[in-house]
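The data block below is start-v4.txt; it holds compact mmCIF, C-alpha atoms and all ligand atoms.
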```
# COMPACT_ATOMS: atom_id res chain seq x y z
CA MET A 1 70.64 129.74 67.15
CA THR A 2 67.79 130.72 69.47
CA ASP A 3 66.77 129.28 72.85
CA PHE A 4 63.80 127.84 70.97
CA ASP A 5 66.17 125.96 68.64
CA LEU A 6 68.15 124.60 71.62
CA ASP A 7 64.96 123.51 73.36
CA LEU A 8 63.73 121.70 70.26
CA MET A 9 67.08 119.96 69.91
CA GLN A 10 66.72 118.73 73.50
CA GLN A 11 63.41 117.19 72.43
CA ALA A 12 65.11 115.56 69.45
CA LEU A 13 67.78 114.19 71.82
CA ALA A 14 65.03 112.80 74.06
CA GLN A 15 63.68 111.03 70.97
CA ALA A 16 67.16 109.68 70.20
CA THR A 17 67.50 108.37 73.75
CA GLN A 18 64.37 106.27 73.18
CA ALA A 19 66.19 104.51 70.30
CA ARG A 20 69.23 103.60 72.37
CA LEU A 21 68.49 99.91 72.91
CA LEU A 22 66.67 99.38 69.60
CA ALA A 23 68.85 101.13 67.01
CA PRO A 24 72.29 99.42 67.19
CA PRO A 25 74.25 98.85 65.01
CA ASN A 26 72.66 102.01 63.60
CA PRO A 27 73.15 105.19 65.60
CA ALA A 28 70.31 106.27 67.89
CA VAL A 29 68.95 109.42 66.23
CA GLY A 30 65.94 111.60 67.03
CA CYS A 31 64.03 114.08 64.86
CA VAL A 32 61.40 116.72 65.65
CA ILE A 33 59.64 118.71 62.90
CA VAL A 34 58.38 122.19 63.77
CA ALA A 35 56.20 124.58 61.72
CA PRO A 36 57.18 128.24 61.13
CA ASP A 37 54.53 129.15 63.72
CA SER A 38 56.36 126.92 66.28
CA GLN A 39 53.77 124.14 66.28
CA ILE A 40 55.31 120.67 66.65
CA LEU A 41 54.19 118.68 63.61
CA GLY A 42 55.87 115.33 64.11
CA ALA A 43 58.61 113.42 65.94
CA GLY A 44 60.40 110.11 65.60
CA HIS A 45 63.52 108.09 66.24
CA THR A 46 65.61 105.43 64.55
CA GLN A 47 63.96 102.02 64.35
CA ARG A 48 65.49 98.54 64.27
CA VAL A 49 68.29 98.02 61.71
CA GLY A 50 66.85 97.88 58.19
CA SER A 51 63.78 99.91 59.25
CA PRO A 52 63.19 103.66 58.79
CA HIS A 53 65.50 106.31 60.20
CA ALA A 54 64.43 109.11 62.54
CA GLU A 55 63.64 111.67 59.81
CA VAL A 56 61.32 109.32 57.93
CA MET A 57 59.56 108.38 61.19
CA ALA A 58 59.04 112.08 62.02
CA LEU A 59 57.73 112.82 58.50
CA ARG A 60 55.34 109.85 58.79
CA ASP A 61 54.22 111.04 62.22
CA ALA A 62 53.44 114.50 60.81
CA ALA A 63 51.54 112.97 57.87
CA ALA A 64 49.58 110.67 60.20
CA ARG A 65 48.53 113.72 62.20
CA GLY A 66 47.42 115.44 58.97
CA HIS A 67 50.11 118.15 59.07
CA ASN A 68 51.71 119.86 56.09
CA VAL A 69 55.48 120.24 56.62
CA GLN A 70 56.11 122.77 53.82
CA GLY A 71 58.71 125.27 55.04
CA ALA A 72 59.04 123.53 58.43
CA THR A 73 62.29 123.03 60.36
CA ALA A 74 63.59 119.53 61.10
CA TYR A 75 65.70 119.21 64.27
CA VAL A 76 67.77 116.06 63.95
CA THR A 77 70.55 114.73 66.20
CA LEU A 78 72.73 113.47 63.32
CA GLU A 79 73.38 114.58 59.74
CA PRO A 80 70.57 113.15 57.56
CA CYS A 81 71.93 110.30 55.48
CA ALA A 82 72.62 110.74 51.76
CA HIS A 83 73.26 107.13 50.79
CA HIS A 84 71.18 104.15 49.74
CA GLY A 85 71.93 101.66 52.53
CA ARG A 86 69.31 99.31 53.88
CA THR A 87 66.93 102.29 53.58
CA GLY A 88 66.70 105.30 51.24
CA PRO A 89 68.43 108.66 51.84
CA CYS A 90 66.78 110.78 54.55
CA CYS A 91 67.99 114.05 53.02
CA ASP A 92 65.94 113.29 49.87
CA ALA A 93 62.89 112.45 51.99
CA LEU A 94 63.22 115.82 53.79
CA VAL A 95 63.63 117.72 50.51
CA HIS A 96 60.67 115.99 48.85
CA ALA A 97 58.48 116.74 51.86
CA GLY A 98 59.29 120.46 51.51
CA ILE A 99 61.34 120.96 54.70
CA GLY A 100 62.87 124.46 54.57
CA ARG A 101 65.50 124.26 57.31
CA VAL A 102 67.48 121.50 59.00
CA VAL A 103 69.19 121.95 62.36
CA ALA A 104 71.53 119.00 63.00
CA SER A 105 73.68 118.20 66.03
CA ILE A 106 76.69 116.69 64.31
CA ALA A 107 77.97 115.32 61.00
CA ASP A 108 77.56 111.59 60.38
CA PRO A 109 81.05 109.97 60.66
CA ASN A 110 79.94 107.19 58.28
CA PRO A 111 82.20 107.72 55.22
CA GLN A 112 79.15 107.04 53.00
CA VAL A 113 77.51 110.14 54.48
CA ALA A 114 80.18 112.43 56.05
CA GLY A 115 79.04 115.83 54.81
CA ASN A 116 77.18 114.57 51.72
CA GLY A 117 73.85 114.83 53.54
CA PHE A 118 74.43 118.51 54.38
CA ALA A 119 75.71 119.21 50.85
CA ARG A 120 72.67 117.59 49.24
CA LEU A 121 70.29 119.53 51.49
CA ARG A 122 72.01 122.86 50.75
CA ALA A 123 72.08 122.10 47.01
CA ALA A 124 68.32 121.64 47.18
CA GLY A 125 67.91 125.06 48.81
CA VAL A 126 67.42 123.85 52.39
CA GLU A 127 68.97 126.05 55.07
CA VAL A 128 71.35 123.93 57.21
CA GLU A 129 72.76 124.69 60.66
CA VAL A 130 74.98 122.31 62.62
CA GLY A 131 76.08 122.16 66.25
CA PRO A 132 73.50 122.17 69.03
CA GLY A 133 73.50 118.92 71.00
CA ALA A 134 76.72 117.69 69.36
CA ALA A 135 78.30 116.40 72.59
CA GLU A 136 75.09 114.71 73.75
CA SER A 137 74.50 113.07 70.38
CA ARG A 138 78.06 111.77 70.26
CA GLU A 139 77.82 110.48 73.83
CA LEU A 140 74.61 108.60 72.96
CA ASN A 141 76.45 106.98 70.06
CA LEU A 142 79.99 106.48 71.39
CA GLY A 143 80.10 103.01 69.88
CA PHE A 144 78.92 104.10 66.45
CA PHE A 145 81.44 106.98 66.35
CA SER A 146 84.19 104.62 67.54
CA ARG A 147 83.41 102.06 64.83
CA MET A 148 83.22 104.68 62.09
CA VAL A 149 86.21 106.80 63.13
CA ARG A 150 88.62 104.39 64.87
CA LYS A 151 87.41 101.23 63.06
CA THR A 152 87.19 99.46 66.42
CA PRO A 153 84.33 99.25 68.93
CA TRP A 154 83.94 101.29 72.11
CA VAL A 155 84.93 98.91 74.90
CA ARG A 156 83.32 99.15 78.34
CA MET A 157 84.52 96.78 81.06
CA LYS A 158 82.06 95.91 83.81
CA ILE A 159 83.45 94.79 87.15
CA ALA A 160 81.66 93.87 90.38
CA ALA A 161 83.80 93.82 93.50
CA SER A 162 83.89 94.17 97.25
CA LEU A 163 84.94 97.51 98.72
CA ASP A 164 88.42 96.04 99.17
CA GLY A 165 88.58 95.32 95.45
CA SER A 166 88.12 91.55 95.23
CA THR A 167 85.87 90.18 92.49
CA ALA A 168 85.69 86.66 93.96
CA LEU A 169 87.08 84.56 96.78
CA ALA A 170 90.36 82.79 96.08
CA ASN A 171 88.31 79.60 95.49
CA GLY A 172 86.42 81.43 92.73
CA ASP A 173 83.11 81.91 94.57
CA SER A 174 81.62 85.22 93.38
CA GLN A 175 77.84 84.66 93.59
CA TRP A 176 76.82 87.24 94.63
CA ILE A 177 79.08 90.05 95.75
CA THR A 178 76.91 92.93 94.51
CA SER A 179 73.17 93.44 94.94
CA PRO A 180 70.28 92.53 92.59
CA GLU A 181 69.94 96.27 91.86
CA ALA A 182 73.56 96.47 90.70
CA ARG A 183 73.13 93.34 88.60
CA ALA A 184 70.07 94.81 86.88
CA ASP A 185 72.03 97.99 86.20
CA GLY A 186 74.78 95.83 84.70
CA HIS A 187 72.19 94.23 82.43
CA ALA A 188 71.19 97.70 81.20
CA SER A 189 74.81 98.16 80.13
CA ARG A 190 74.69 94.78 78.35
CA ALA A 191 71.47 95.84 76.60
CA ARG A 192 73.04 99.04 75.25
CA ALA A 193 75.99 97.12 73.80
CA CYS A 194 76.10 95.36 70.44
CA ALA A 195 78.02 92.49 72.03
CA VAL A 196 78.99 91.09 75.41
CA LEU A 197 82.59 89.83 75.56
CA THR A 198 83.82 87.14 77.92
CA GLY A 199 86.49 84.47 78.22
CA ILE A 200 86.43 80.68 78.17
CA GLY A 201 87.26 80.63 81.89
CA THR A 202 83.95 82.34 82.73
CA ILE A 203 82.00 80.03 80.39
CA LEU A 204 83.48 76.89 81.98
CA LYS A 205 83.17 78.15 85.56
CA ASP A 206 79.68 79.75 85.52
CA ASN A 207 77.98 78.54 82.31
CA PRO A 208 76.32 81.99 82.11
CA THR A 209 73.77 83.18 79.56
CA LEU A 210 75.22 86.72 79.45
CA ASP A 211 72.03 88.19 78.02
CA ALA A 212 70.14 91.28 79.21
CA ARG A 213 67.19 89.43 80.70
CA LEU A 214 66.84 91.73 83.74
CA VAL A 215 65.86 94.70 81.55
CA ASP A 216 63.02 95.23 79.11
CA THR A 217 64.86 95.39 75.79
CA PRO A 218 63.82 94.90 72.17
CA ARG A 219 67.22 93.47 71.21
CA GLN A 220 69.66 91.07 72.88
CA PRO A 221 73.40 91.74 72.47
CA HIS A 222 75.54 89.31 70.51
CA LEU A 223 78.16 87.33 72.45
CA VAL A 224 81.90 87.03 71.91
CA VAL A 225 84.01 84.37 73.67
CA VAL A 226 87.81 84.49 73.71
CA ASP A 227 88.45 80.76 73.57
CA SER A 228 91.92 79.94 72.18
CA ARG A 229 91.43 76.17 71.89
CA LEU A 230 87.68 76.04 71.12
CA ASP A 231 86.83 74.58 74.55
CA THR A 232 83.34 76.12 74.71
CA PRO A 233 80.86 73.24 75.25
CA PRO A 234 78.37 73.16 72.35
CA ASP A 235 75.56 72.84 74.92
CA ALA A 236 76.62 75.96 76.89
CA HIS A 237 73.85 78.37 77.95
CA ILE A 238 75.23 81.17 75.76
CA PHE A 239 73.53 79.75 72.65
CA ILE A 240 70.20 81.57 72.69
CA ALA A 241 67.98 82.51 69.76
CA GLY A 242 68.27 85.95 68.20
CA ARG A 243 71.95 86.60 68.65
CA THR A 244 75.24 85.65 67.08
CA VAL A 245 77.81 83.86 69.23
CA TYR A 246 81.38 84.56 68.03
CA ILE A 247 83.99 82.10 69.31
CA CYS A 248 87.45 83.63 68.83
CA ALA A 249 90.21 81.02 68.69
CA SER A 250 93.92 80.85 67.97
CA GLU A 251 94.26 77.10 67.39
CA GLN A 252 92.65 75.25 64.51
CA ASN A 253 90.53 72.23 65.34
CA ASP A 254 88.07 71.26 62.61
CA ILE A 255 86.14 68.76 64.77
CA LYS A 256 85.50 71.22 67.63
CA LYS A 257 84.82 73.99 65.11
CA ALA A 258 82.17 71.89 63.35
CA ALA A 259 80.50 71.03 66.67
CA LEU A 260 80.38 74.70 67.69
CA GLU A 261 79.06 75.76 64.30
CA ALA A 262 76.36 73.11 64.60
CA ALA A 263 75.42 74.74 67.93
CA GLY A 264 75.06 78.05 66.07
CA ALA A 265 78.46 79.66 66.69
CA THR A 266 80.49 81.72 64.25
CA VAL A 267 84.12 80.66 64.74
CA LEU A 268 86.84 83.24 64.02
CA TYR A 269 90.55 82.34 63.87
CA LEU A 270 92.54 85.30 65.10
CA PRO A 271 95.99 84.10 66.24
CA ASP A 272 98.71 86.56 67.21
CA ALA A 273 102.45 85.94 66.88
CA ALA A 274 102.52 84.28 70.33
CA GLY A 275 99.70 81.88 69.44
CA ARG A 276 97.07 83.63 71.56
CA VAL A 277 93.95 85.38 70.32
CA ASP A 278 94.93 88.76 68.84
CA LEU A 279 92.61 90.95 70.91
CA ALA A 280 93.15 94.15 68.91
CA GLU A 281 92.49 92.34 65.64
CA MET A 282 89.47 90.63 67.21
CA LEU A 283 87.98 94.04 68.02
CA ARG A 284 88.68 95.34 64.50
CA GLU A 285 86.99 92.23 63.09
CA LEU A 286 83.99 92.85 65.35
CA ALA A 287 83.82 96.45 64.07
CA ARG A 288 83.80 95.12 60.50
CA ARG A 289 80.84 93.01 61.61
CA GLU A 290 79.00 96.18 62.78
CA ILE A 291 79.71 95.83 66.49
CA ASN A 292 79.69 99.39 67.88
CA GLU A 293 79.93 98.87 71.59
CA VAL A 294 81.38 95.92 73.52
CA HIS A 295 80.43 95.22 77.13
CA VAL A 296 83.19 93.13 78.74
CA GLU A 297 82.22 90.81 81.56
CA ALA A 298 85.16 88.51 82.10
CA GLY A 299 87.65 87.27 84.65
CA HIS A 300 90.87 88.93 85.76
CA THR A 301 93.04 87.26 83.12
CA LEU A 302 91.15 88.51 80.06
CA ASN A 303 90.39 91.82 81.81
CA GLY A 304 94.12 92.28 82.46
CA ALA A 305 95.08 91.43 78.89
CA LEU A 306 92.56 93.93 77.48
CA VAL A 307 93.64 96.71 79.86
CA GLN A 308 97.33 96.02 79.32
CA ALA A 309 96.83 96.23 75.54
CA GLY A 310 95.12 99.62 75.91
CA LEU A 311 91.89 98.28 74.42
CA VAL A 312 89.47 99.36 77.18
CA ASP A 313 87.86 102.81 76.86
CA GLU A 314 85.64 102.84 79.91
CA PHE A 315 85.12 101.00 83.20
CA LEU A 316 81.84 100.39 84.97
CA VAL A 317 82.65 99.27 88.51
CA TYR A 318 80.13 98.24 91.15
CA LEU A 319 81.49 98.14 94.70
CA ALA A 320 79.58 96.27 97.40
CA PRO A 321 79.73 97.50 101.01
CA LYS A 322 81.61 94.44 102.23
CA LEU A 323 85.19 93.36 102.80
CA ILE A 324 86.07 89.87 101.66
CA GLY A 325 89.81 89.85 102.05
CA PRO A 326 92.29 88.56 99.52
CA GLY A 327 90.66 87.01 96.48
CA LEU A 328 90.69 87.51 92.74
CA ASP A 329 91.61 90.97 91.47
CA MET A 330 89.66 93.10 88.96
CA ALA A 331 92.25 92.87 86.22
CA SER A 332 95.60 91.09 86.36
CA LEU A 333 98.18 93.71 85.45
CA LEU A 334 101.93 93.44 85.44
CA PRO A 335 103.51 94.84 88.63
CA LEU A 336 104.65 98.46 88.28
CA ALA A 337 108.06 99.71 89.32
CA GLN A 338 106.71 103.25 89.76
CA LEU A 339 103.33 104.89 90.09
CA SER A 340 103.92 106.96 86.96
CA GLY A 341 103.19 103.77 85.04
CA ALA A 342 99.60 103.60 86.33
CA VAL A 343 96.70 103.40 83.88
CA PRO A 344 95.25 106.93 84.17
CA LEU A 345 91.48 107.28 84.51
CA VAL A 346 88.90 110.01 85.04
CA PHE A 347 85.74 109.32 87.00
CA THR A 348 82.81 110.34 84.80
CA SER A 349 80.05 109.45 87.25
CA VAL A 350 79.59 108.07 90.75
CA SER A 351 76.20 107.04 92.12
CA GLN A 352 74.55 104.62 94.51
CA VAL A 353 72.63 101.62 93.10
CA GLY A 354 70.73 99.87 95.88
CA PRO A 355 73.32 99.29 98.61
CA ASP A 356 76.25 99.41 96.15
CA ILE A 357 78.35 102.19 94.60
CA ARG A 358 78.50 102.52 90.81
CA ILE A 359 81.57 104.18 89.35
CA ALA A 360 82.05 105.00 85.68
CA ALA A 361 85.63 105.84 84.70
CA ARG A 362 87.24 106.56 81.37
CA ILE A 363 90.68 106.62 79.86
CA PRO A 364 91.32 110.39 79.43
CA GLY A 365 90.70 111.62 75.90
CA ARG A 366 88.45 108.74 74.89
C1 LIG A 401 69.87 109.12 59.45
N1 LIG A 401 68.92 109.00 60.39
O1 LIG A 401 67.99 107.95 62.14
C2 LIG A 401 70.05 107.16 61.35
C3 LIG A 401 71.09 107.34 60.39
O2 LIG A 401 71.53 100.88 56.26
P1 LIG A 401 70.73 102.10 56.53
O3 LIG A 401 70.03 102.65 55.32
O4 LIG A 401 69.77 101.94 57.68
O5 LIG A 401 71.76 103.26 56.93
C4 LIG A 401 72.52 103.15 58.10
C5 LIG A 401 73.41 104.39 58.22
O6 LIG A 401 72.58 105.55 58.27
C6 LIG A 401 74.24 104.42 59.49
O7 LIG A 401 75.48 103.79 59.32
C7 LIG A 401 74.41 105.93 59.69
O8 LIG A 401 75.41 106.44 58.84
C8 LIG A 401 73.07 106.47 59.22
N2 LIG A 401 72.16 106.51 60.37
N3 LIG A 401 70.98 108.34 59.48
O9 LIG A 401 69.76 109.95 58.54
C9 LIG A 401 68.95 108.05 61.34
N4 LIG A 401 70.10 106.16 62.29
ZN ZN A 402 68.76 108.28 57.11
```

Would you kindly transcribe this structure into structure tokens?
Amino acid sequence: MTDFDLDLMQQALAQATQARLLAPPNPAVGCVIVAPDSQILGAGHTQRVGSPHAEVMALRDAAARGHNVQGATAYVTLEPCAHHGRTGPCCDALVHAGIGRVVASIADPNPQVAGNGFARLRAAGVEVEVGPGAAESRELNLGFFSRMVRKTPWVRMKIAASLDGSTALANGDSQWITSPEARADGHASRARACAVLTGIGTILKDNPTLDARLVDTPRQPHLVVVDSRLDTPPDAHIFIAGRTVYICASEQNDIKKAALEAAGATVLYLPDAAGRVDLAEMLRELARREINEVHVEAGHTLNGALVQAGLVDEFLVYLAPKLIGPGLDMASLLPLAQLSGAVPLVFTSVSQVGPDIRIAARIPGR
């Protein structure tokens, strides 16, 4: 692998990054096609679900510019697909176009692909190399890898709090602890996700929309409400066009269910042994419904239940430079007898957003 190869893969990753909001539930993939004389012939990235993948977009781009790709190298940030899904196999498109060499970041964890793409390319005489940009490609598609490998979404919990760790006053007032800049940044996290997850308490208290309206995005995330007794009002603001609203309940009530379905909701019954919503099963069901990444924006009760069950992979915490005294906590956890029982985290990034501090933290090993 030459420095030239690594540089071209960075360009393919930049293409992939452009697909980040558009591509889900497909992975965000980028492709750059380069001639043997090093001329860049075409580039592209994954389109909306059901539309062409990165490789086909790059081949089309090269054709539109009048370039011949015979013997060229395709740099692609994921193994080219080998299956007939909503679109045709990219590895066949590359072979038919006469591509001589493929440099890919990482194998596609989708069991329908998983090595078949590389095998098909090699069988057709295409030289295949794998590895550069693997970590970056995986990081761009944490949710997709999680859904494919763990069969559950990547779960990111967003919390806005005062420097002394309160998310609201004891009377529930929380508008607004953090700045408009932090709220817009939070919307960017919503926009990246396949679904926003909240609880019935937040719906009843704030009647929020929970969309990503503060960012320019081609796709709005779906919405999931943990609502044991189907108490979501059918006229709540969450019912907006272009997304699915999943109401996850643990008690049957055909009348309330019918009213919510008439409002456009998809009602899922997911009771656990204690009669509450089975949160782990809920996440597996969301993965089966092609939810890669879940952005949690909920109150301390649901936050606590998700953390306590080990279901949160990552935290996105905004801290405002103010002290508000005792109020509601970030996540209600059971008291610990010793510090060794703490939920361990690693800070993955710390930055300032407007007047506030933004902290990203992950469960180690996730
Ligand atoms: C690629 N290039 O740019 C992407 C790929 O239903 P389909 O046909 O759109 O296929 C979706 C699957 O294709 C998805 O689950 C993943 O395995 C792969 N995504 N593959 O060759 C791309 N986005
Ligand atoms: Zn493909």

Could you pull out the residues sitting within 9 Å of ligand LIG 401 (chain A), using all atoms listed in the file, and write them as an MDAnalysis selection string? chainID A and resid 16 23:31 44:57 76:91 108:114 117 144 148

A:Thr178, A:Asn292, A:Thr198, A:Gln308 ranked by distance to Gln352 in chain A, top pick (using all atoms listed in the file):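 Using all atoms listed in the file, Gln352 in chain A sits closest to A:Thr178.
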
If we count all atoms listed in the file, what is near Leu260 in chain A at a cut-off of 9 Å, once residues fewer than 3 positions away on the same chain are taken out, given as a ChimeraX atom specification? /A:230,232-235,247,255-257,263-267

Using all atoms listed in the file, which residue out of A:Thr17, A:Asn116, A:Ser174, A:Thr152 lies closest to ligand ZN 402 (chain A)? A:Asn116

From the options A:Ala93, A:Val296, A:Gly165, A:Ser146, which residue's atoms come nearest to ligand ZN 402 (chain A), counting only C-alpha atoms and all ligand atoms?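 Closest residue, counting only C-alpha atoms and all ligand atoms: A:Ala93.
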
Applying 9 Å and all atoms listed in the file, which residues near Arg243 in chain A remain after dropping the ones on its own chain fewer than 4 positions away? List them as a list in words. Arg219, Gln220, Pro221, His222, Leu223 and Phe239 of chain A

Calculated over only C-alpha atoms, which of the candidates A:Leu319, A:Ala287, A:Val95, A:Ala170 has the smallest distance to Val149 in chain A?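 Selected residue with least distance to Val149 in chain A: A:Ala287.
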